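Trainee: Take a look at this one; I'll ask things after.
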Amino acid sequence: MASGQTASLQLPSFLHGTFRSVQQKTRREGQRCGERYREQGTFPVPRQMLEVPPGEVVVAHEVVDFQRERPAWRLYMVSNVMSALSEPPQSSFPVRSDYEVLFRQTAWGALFFATTYMYPVSAERTAQRLQEVLRFWEPLESVRYLFKKLGAAHTLEELMVASCDWAMDAWCPVREASVRERLEMAVERMTRATREDCIEAILREMPRALEHAGRLKHRNVVADPAFQRERLATLDPRSFERVSGAYTGDLIGQLHDWDHELGLR
């Protein structure tokens with residue numbers, strides 16, 4: 001356990017309550033953070049932290065939050081904070097990025113950003129997000145999580161498989177290891193990845209992206225690994241960074257971009 005950590009998980013008080021109350025509290029928190037950022041370029045810490053009792057359930061995704069009148073720990077609503085703090089006149093990307101950099105250093109922030117896939121999901125940013133989850137593994141392991149699948153309360157390992165299996169499959173396709181070990185290996189490889197390393201990880205994840213890519217007019221062409229490798233090699237640095245983490249959603253977008261380009265010929 002890292003120095004200064006406790007064995008229990010703590011969440012900001014603005015993430016606990018009924019859906020409506022958390023919605024209101026997170027918006028106020030976002031406005032408070034946005035105002036401080038405009039004035040000083042920094043963010044205030046949450047006013048109050050609450051300990052989550054061991055074994056209690058944390059709602060980590062909006063799609064499973066149906067009992068909205070029931071008080072609950074609603075981690076996914078950190079997104080509401082970020083929406084409010086980046087309201088005009090502030091540019092959304094710098095303020096959101098700075099907010100992530102700061103609060104990714106907390107257990108609750110680490111887990112939110114690792115399971116939410118906020119842009120950019122590059123190899124560098126994904127490694128940083130997963131590294132922080134690993135640093136806070138023990139307190140995060142003390143509770144259970146609801147994520148996408150109704151009625152299924154996940155352990156931390158199950159949550160990371162449900163949310164980040166793409167990263168493990170692309171960067172550490174060794175299934176014999178534990179989830180934690182695979183994440184550690186994935187982080188190590190992403191951290192020191194060259195462009196060629198990223199291409200190899202992307203190619204490992206492309207079959208899954210193709211399964212979910214929907215209608216492609218030139219599927220046989222864009223499904224060819226040789227075509228994929230050639231096109232990845234020609235991407236400009238900014239475009240390549242966007243897909244360098246091998247996140248499935250970004251690869252689906254890239255496949256559709258290639259398919260569209262082929263249709264213009």
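Residue numbering restarts at 1 for every chain of the structure tokens, chains are lettered A, B, ... in their displayed order, and ligands are numbered from 1 as they appear.
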If we count only C-alpha atoms and set the cut-off at 12 Å, which residues sit around Glu261 in chain A, ignoring sequence neighbours fewer than 4 positions away in its own chain? Please answer as a list in words.

Mentor: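 The residues satisfying every condition are Leu216, Lys217, His218, Val221, Val222, Arg231, Gln254, Leu255, His256, Asp257 and Arg265 of chain A.
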
Trainee: Considering only C-alpha atoms, return as a list in words whatever protein or nucleic-acid residues lie within 7 Å of Cys33 in chain A, sequence-local ones (same chain, fewer than 5 positions apart) excluded.

Mentor: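 Within the cut-off, the hits are Phe43, Pro44 and Leu85 of chain A.
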
Trainee: Within 10 Å of range 60-64 of chain A, counting only C-alpha atoms, which residues qualify if same-chain residues fewer than 6 places away don't, as a list of chain:residue names?

Mentor: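 The residues that qualify are A:Trp73, A:Arg74, A:Leu75, A:Tyr76, A:Met77, A:Val78, A:Leu111, A:Phe112, A:Thr115, A:Thr116, A:Arg144, A:Tyr145, A:Leu146, A:Phe147, A:Lys148, A:Lys149, A:Leu150, A:Gly151, A:Ala152, A:Leu159.
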
Trainee: Write out as a list in words which residues come within 10 Å of Glu100 in chain A when counting only C-alpha atoms, dropping same-chain ones fewer than 2 positions away.

Mentor: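 What passes the distance filter is Met82, Pro94, Val95, Arg96, Ser97, Asp98, Leu102, Phe103, Arg104, Gln105, Gly109, Ala110, Phe112, Phe113, Met118 and Arg129 of chain A.
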
Trainee: Just give me the gap between CA of Gly17 in chain A and CA of Arg70 in chain A in Å, one decimal is fine.

Mentor: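 Between these atoms lies a distance of 7.4 Å.
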
Trainee: Considering only C-alpha atoms, can you say which of A:Met168, A:Ala209, A:Ala186, A:Val57 comes closest to Thr155 in chain A?

Mentor: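 Ranking A:Met168, A:Ala209, A:Ala186, A:Val57 by distance to Thr155 in chain A, first place goes to A:Val57.
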
Trainee: Give me, as number ranges by chain, all polymer residues having an atom no more than 9 Å from range 188-205 of chain A, counting only C-alpha atoms and skipping those fewer than 3 positions away in the same chain.

Mentor: A: 123-124, 126-128, 131, 166-167, 169-173, 183-185, 208-210, 225, 228-229, 232-233, 240, 243-248, 251

Trainee: Excluding Glu157 in chain A and residues on its chain fewer than 2 positions from it, collect all residues at most 12 Å away from it, counting only C-alpha atoms, and give them as a compact mmCIF listing (two decimals) with C-alpha atoms, in the first residue's frame.

Mentor:
```txt
# COMPACT_ATOMS: atom_id res chain seq x y z
CA LEU A 111 -10.80 4.49 -11.07
CA VAL A 133 -5.49 2.27 -10.24
CA LEU A 134 -2.71 -0.15 -9.38
CA TRP A 137 -5.55 -1.27 -5.54
CA GLU A 138 -6.09 -2.17 -1.86
CA LEU A 140 -10.39 0.08 -4.35
CA GLU A 141 -10.56 -3.65 -3.68
CA SER A 142 -12.52 -3.14 -0.46
CA VAL A 143 -15.86 -2.46 -2.19
CA ARG A 144 -17.99 -3.82 -5.08
CA TYR A 145 -18.99 -2.11 -8.31
CA ALA A 153 -21.81 -6.47 -8.35
CA HIS A 154 -18.20 -6.82 -9.51
CA THR A 155 -15.03 -7.21 -7.54
CA LEU A 159 -14.56 -4.45 -12.97
CA MET A 160 -11.17 -4.03 -14.61
CA VAL A 161 -11.88 -6.98 -16.93
CA ALA A 162 -15.30 -5.53 -17.81
CA SER A 163 -13.89 -2.06 -18.49
CA CYS A 164 -10.28 -2.55 -19.58
CA ASP A 165 -10.03 -6.01 -21.13
CA SER A 178 -3.84 -12.52 -12.75
CA VAL A 179 -5.71 -9.37 -13.72
CA ARG A 180 -3.45 -7.26 -11.56
CA GLU A 181 -0.32 -8.81 -13.09
CA ARG A 182 -1.64 -8.28 -16.61
CA LEU A 183 -2.40 -4.64 -15.85
```

Trainee: Suppose you want the space between CA of Ala84 in chain A and CA of Gly253 in chain A; what is it in Å?

Mentor: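 For CA of Ala84 in chain A relative to CA of Gly253 in chain A, the distance reads 27.3 Å.
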
Trainee: Out of range 94-130 of chain A, which residues get alpha helix (DSSP H) from DSSP, as number ranges by chain?

Mentor: A: 94-103, 107-116, 123-130

Trainee: Taking the DSSP assignment computed from this structure's backbone, write out as a PyMOL selection string all residues of range 36-161 of chain A that belong to strand (DSSP E).

Mentor: chain A and resi 49-52+57-59+72-74+144-146+153-154

Trainee: Interatomic distance between CA of Ser92 in chain A and CA of Thr18 in chain A?

Mentor: 27.4 Å

Trainee: Which neighbours of Phe19 in chain A fall inside 6 Å, counting only C-alpha atoms, when residues of the same chain fewer than 3 positions from it are skipped, and could you give them as a list of chain:residue names?

Mentor: A:Val22, A:Gln23, A:Arg68
